[in-house]
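Below: one structure, written as structure tokens.
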Amino acid sequence: MIEKGKHEVRQVLKGKKRVCQTDVENMNYIKLVLKETLRFHPPDPLLFPRKSREQCEIDGYTIPAKAMILINNWVLGRDPECWVDPEKFEPERFKDNFVDYKGNHFELIPFGVGRRICPGISFAVTNIELLLAALLFHFDWKLPHGMDPKDLDMIELYRSSCTRKNPLVLIPKIYIPTGDENY
């Protein structure tokens, strides 16, 4: 994944010295990685509580009026009825899939939905894409001590937001484009 993202970023930026937002718009794989990251590791595992306006029935369960409803965003991203091989991190699943994170598709709602959707969604996504592209463009990343990516500790802590339990340790090597690269 990191090599594919790095290849795309450096191909798009060939001959440039820094990443600009207009460049990121041509980086399709980075957008796929972001969608898959938001599906697999939502920033808020539980969305803000909702209150039902009226009594209704969902899958045979009666939901009373004014009931407090919690939506488990983490489970939605791992639902085998919505996702093929949901426990696998696979950005390519979004290549020909028009599911987005803007509240239009209920299987992917990392920023919420409806009246309570995050008002900073555009700001957040723009900054994440730009930061990821810059990190892939300006650095070559390696794991310490010849570690294999499969050995990474991916345990998360679930509180009001989702974070890593243990810090990610990577070794950055500065990349200075010379113009002779073949990407």
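By order of appearance in the structure tokens: chains A, B, ..., then residues from 1 within every chain, and ligands from 1 in the order shown.
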
With 7 Å as the cut-off and only C-alpha atoms counted, what is the closest atom pair between each nearby residue of region 109-164 of chain A and region 168-172 of chain A? Distances in Å to one decimal, ordered by chain and number, as a Markdown table.
```
| residue | atom | partner | partner_atom | distance |
| --- | --- | --- | --- | --- |
| A:Phe139 | CA | A:Pro172 | CA | 5.8 |
| A:Asp140 | CA | A:Pro172 | CA | 5.8 |
| A:Trp141 | CA | A:Pro172 | CA | 4.8 |
| A:Lys142 | CA | A:Ile171 | CA | 5.1 |
| A:Leu143 | CA | A:Leu170 | CA | 5.0 |
| A:Pro144 | CA | A:Leu170 | CA | 6.3 |
```

Would you list the contacts of Val24 (chain A) as a ChimeraX atom specification, taking every protein, DNA or RNA residue within 9 Å and counting only C-alpha atoms, but skipping same-chain residues closer than 3 positions in sequence? /A:9,12,19-21,27-28,30-31,126,129-130,133

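Minimum atom-to-atom distance to Asp79 (chain A), evaluated using only C-alpha atoms, belongs to A:Arg39 out of A:Arg39, A:Ser52, A:Ser122, A:Gly15.
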
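Every residue of region 91-145 of chain A with a DSSP assignment of alpha helix (DSSP H), taken from the backbone, is listed as Ile121, Ser122, Phe123, Ala124, Val125, Thr126, Asn127, Ile128, Glu129, Leu130, Leu131, Leu132, Ala133, Ala134, Leu135, Leu136, Phe137 and His138 of chain A.
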
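In terms of minimum interatomic distance to Leu136 (chain A), A:Gly5 ranks closest within A:Pro42, A:Gly5, A:Pro86, A:Pro119, counting only C-alpha atoms.
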
As a PDB file with N, CA and C atoms, in the first residue's frame, please: every residue in region 16-182 of chain A that DSSP puts in strand (DSSP E).
```pdb
ATOM      1  N   ARG A  50     -28.469   9.703  19.217  1.00  0.00           N
ATOM      2  CA  ARG A  50     -29.653  10.248  18.552  1.00  0.00           C
ATOM      3  C   ARG A  50     -30.863   9.916  19.419  1.00  0.00           C
ATOM      4  N   LYS A  51     -31.939  10.619  19.183  1.00  0.00           N
ATOM      5  CA  LYS A  51     -33.179  10.334  19.885  1.00  0.00           C
ATOM      6  C   LYS A  51     -34.257  10.118  18.824  1.00  0.00           C
ATOM      7  N   CYS A  56     -41.026   3.261  16.021  1.00  0.00           N
ATOM      8  CA  CYS A  56     -40.892   2.594  14.724  1.00  0.00           C
ATOM      9  C   CYS A  56     -40.420   1.167  14.948  1.00  0.00           C
ATOM     10  N   GLU A  57     -40.402   0.399  13.878  1.00  0.00           N
ATOM     11  CA  GLU A  57     -39.942  -0.979  13.962  1.00  0.00           C
ATOM     12  C   GLU A  57     -38.809  -1.172  12.962  1.00  0.00           C
ATOM     13  N   ILE A  58     -37.705  -1.747  13.443  1.00  0.00           N
ATOM     14  CA  ILE A  58     -36.549  -2.019  12.593  1.00  0.00           C
ATOM     15  C   ILE A  58     -36.140  -3.470  12.806  1.00  0.00           C
ATOM     16  N   TYR A  61     -37.638  -5.231  15.715  1.00  0.00           N
ATOM     17  CA  TYR A  61     -37.482  -4.602  17.023  1.00  0.00           C
ATOM     18  C   TYR A  61     -38.292  -3.311  17.063  1.00  0.00           C
ATOM     19  N   THR A  62     -39.023  -3.138  18.137  1.00  0.00           N
ATOM     20  CA  THR A  62     -39.784  -1.905  18.306  1.00  0.00           C
ATOM     21  C   THR A  62     -38.905  -0.875  19.013  1.00  0.00           C
ATOM     22  N   ILE A  63     -38.748   0.253  18.378  1.00  0.00           N
ATOM     23  CA  ILE A  63     -37.967   1.357  18.942  1.00  0.00           C
ATOM     24  C   ILE A  63     -38.973   2.379  19.444  1.00  0.00           C
ATOM     25  N   MET A  68     -33.059   6.754  23.264  1.00  0.00           N
ATOM     26  CA  MET A  68     -31.697   7.180  22.951  1.00  0.00           C
ATOM     27  C   MET A  68     -31.060   6.092  22.098  1.00  0.00           C
ATOM     28  N   ILE A  69     -30.523   6.473  20.936  1.00  0.00           N
ATOM     29  CA  ILE A  69     -29.950   5.526  19.985  1.00  0.00           C
ATOM     30  C   ILE A  69     -28.459   5.811  19.823  1.00  0.00           C
ATOM     31  N   PHE A 139       9.334  11.723   2.056  1.00  0.00           N
ATOM     32  CA  PHE A 139      10.053  10.723   2.848  1.00  0.00           C
ATOM     33  C   PHE A 139       9.886   9.330   2.265  1.00  0.00           C
ATOM     34  N   ASP A 140      10.917   8.516   2.457  1.00  0.00           N
ATOM     35  CA  ASP A 140      10.826   7.073   2.267  1.00  0.00           C
ATOM     36  C   ASP A 140      10.718   6.506   3.672  1.00  0.00           C
ATOM     37  N   TRP A 141       9.729   5.647   3.900  1.00  0.00           N
ATOM     38  CA  TRP A 141       9.441   5.142   5.247  1.00  0.00           C
ATOM     39  C   TRP A 141       9.847   3.683   5.370  1.00  0.00           C
ATOM     40  N   LYS A 142      10.465   3.345   6.505  1.00  0.00           N
ATOM     41  CA  LYS A 142      10.851   1.963   6.778  1.00  0.00           C
ATOM     42  C   LYS A 142      10.465   1.599   8.202  1.00  0.00           C
ATOM     43  N   GLU A 156      -6.103  -0.846  18.992  1.00  0.00           N
ATOM     44  CA  GLU A 156      -6.654   0.495  19.161  1.00  0.00           C
ATOM     45  C   GLU A 156      -7.339   0.625  20.512  1.00  0.00           C
ATOM     46  N   LEU A 157      -7.412   1.847  21.000  1.00  0.00           N
ATOM     47  CA  LEU A 157      -8.168   2.161  22.205  1.00  0.00           C
ATOM     48  C   LEU A 157      -9.429   2.902  21.788  1.00  0.00           C
ATOM     49  N   TYR A 158     -10.538   2.466  22.302  1.00  0.00           N
ATOM     50  CA  TYR A 158     -11.815   3.089  21.951  1.00  0.00           C
ATOM     51  C   TYR A 158     -12.323   3.887  23.137  1.00  0.00           C
ATOM     52  N   CYS A 162     -11.082   7.137  18.505  1.00  0.00           N
ATOM     53  CA  CYS A 162     -10.286   5.931  18.339  1.00  0.00           C
ATOM     54  C   CYS A 162      -8.827   6.317  18.148  1.00  0.00           C
ATOM     55  N   THR A 163      -7.939   5.750  18.960  1.00  0.00           N
ATOM     56  CA  THR A 163      -6.512   6.027  18.848  1.00  0.00           C
ATOM     57  C   THR A 163      -5.729   4.724  18.933  1.00  0.00           C
ATOM     58  N   ARG A 164      -4.474   4.787  18.556  1.00  0.00           N
ATOM     59  CA  ARG A 164      -3.598   3.617  18.695  1.00  0.00           C
ATOM     60  C   ARG A 164      -3.270   3.406  20.167  1.00  0.00           C
ATOM     61  N   ILE A 171      10.898   4.728  10.509  1.00  0.00           N
ATOM     62  CA  ILE A 171      12.151   5.431  10.269  1.00  0.00           C
ATOM     63  C   ILE A 171      11.999   6.209   8.956  1.00  0.00           C
ATOM     64  N   PRO A 172      12.027   7.559   9.045  1.00  0.00           N
ATOM     65  CA  PRO A 172      11.918   8.355   7.816  1.00  0.00           C
ATOM     66  C   PRO A 172      13.286   8.614   7.195  1.00  0.00           C
ATOM     67  N   LYS A 173      13.338   8.561   5.894  1.00  0.00           N
ATOM     68  CA  LYS A 173      14.545   8.951   5.165  1.00  0.00           C
ATOM     69  C   LYS A 173      14.106  10.039   4.203  1.00  0.00           C
ATOM     70  N   ILE A 174      14.734  11.197   4.299  1.00  0.00           N
ATOM     71  CA  ILE A 174      14.335  12.333   3.462  1.00  0.00           C
ATOM     72  C   ILE A 174      14.543  11.996   1.992  1.00  0.00           C
TER      73      ILE A 174
END
```

Pro45 (chain A): which residues within 10 Å, counting only C-alpha atoms, same-chain residues fewer than 6 positions away excluded, as a ChimeraX atom specification? /A:71-77,110,157-162

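Of the residues under consideration (A:Leu38, A:Leu152, A:Val99, A:Glu90), A:Leu152 shows the shortest atom-to-atom contact distance to Lys165 (chain A) when counting only C-alpha atoms.
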
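The space separating CA of Val125 (chain A) from CA of Pro91 (chain A) comes to 15.9 Å.
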
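Around Arg78 (chain A), within 10 Å and counting only C-alpha atoms, the residues found are Arg39, Phe40, His41, Asn73, Trp74, Cys82, Trp83, Val84, Asp85, Pro86, Glu87, Lys88, Glu107 and Leu108 of chain A, once anything fewer than 4 positions away on its own chain is removed.
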
Would you output that residue set with N, CA and C atoms, as a compact mmCIF listing (two decimals), in the first residue's frame?
```txt
# COMPACT_ATOMS: atom_id res chain seq x y z
N ARG A 39 -13.17 3.70 6.84
CA ARG A 39 -14.03 2.52 7.04
C ARG A 39 -13.46 1.64 8.13
N PHE A 40 -12.17 1.36 8.05
CA PHE A 40 -11.53 0.37 8.92
C PHE A 40 -11.18 0.93 10.29
N HIS A 41 -10.86 2.22 10.35
CA HIS A 41 -10.48 2.86 11.61
C HIS A 41 -11.23 4.19 11.75
N ASN A 73 -20.33 2.92 14.75
CA ASN A 73 -19.67 3.18 13.49
C ASN A 73 -18.60 2.14 13.18
N TRP A 74 -17.94 1.65 14.20
CA TRP A 74 -16.89 0.65 14.03
C TRP A 74 -17.48 -0.63 13.43
N CYS A 82 -22.28 -5.64 4.10
CA CYS A 82 -21.97 -4.45 3.30
C CYS A 82 -20.62 -4.54 2.60
N TRP A 83 -19.68 -5.28 3.20
CA TRP A 83 -18.31 -5.27 2.71
C TRP A 83 -17.81 -6.68 2.45
N VAL A 84 -17.13 -6.89 1.34
CA VAL A 84 -16.49 -8.17 1.05
C VAL A 84 -15.18 -8.21 1.83
N ASP A 85 -14.96 -9.28 2.55
CA ASP A 85 -13.76 -9.45 3.37
C ASP A 85 -13.51 -8.21 4.24
N PRO A 86 -14.45 -7.91 5.15
CA PRO A 86 -14.39 -6.65 5.90
C PRO A 86 -13.22 -6.49 6.86
N GLU A 87 -12.56 -7.58 7.25
CA GLU A 87 -11.43 -7.47 8.18
C GLU A 87 -10.10 -7.23 7.47
N LYS A 88 -10.15 -7.09 6.17
CA LYS A 88 -8.94 -6.86 5.38
C LYS A 88 -8.87 -5.40 4.97
N GLU A 107 -23.42 2.73 5.02
CA GLU A 107 -22.41 1.75 5.41
C GLU A 107 -21.05 2.41 5.70
N LEU A 108 -20.91 3.69 5.36
CA LEU A 108 -19.67 4.42 5.61
C LEU A 108 -20.03 5.84 6.07
```

Residues within 7 Å of Leu70 (chain A), please, as a PyMOL selection string. Count only C-alpha atoms; anything in the same chain fewer than 6 positions from it doesn't count. chain A and resi 46-50

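Close contacts of Ile117 (chain A), defined as residues with an atom at most 8 Å away when counting only C-alpha atoms, with chain neighbours fewer than 5 positions off set aside, comprise Gly103, Phe111 and Gly112 of chain A.
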
Which of A:Lys35, A:Gly60, A:Tyr175, A:Glu54 sits closest to Phe98 (chain A) [using only C-alpha atoms]: A:Lys35
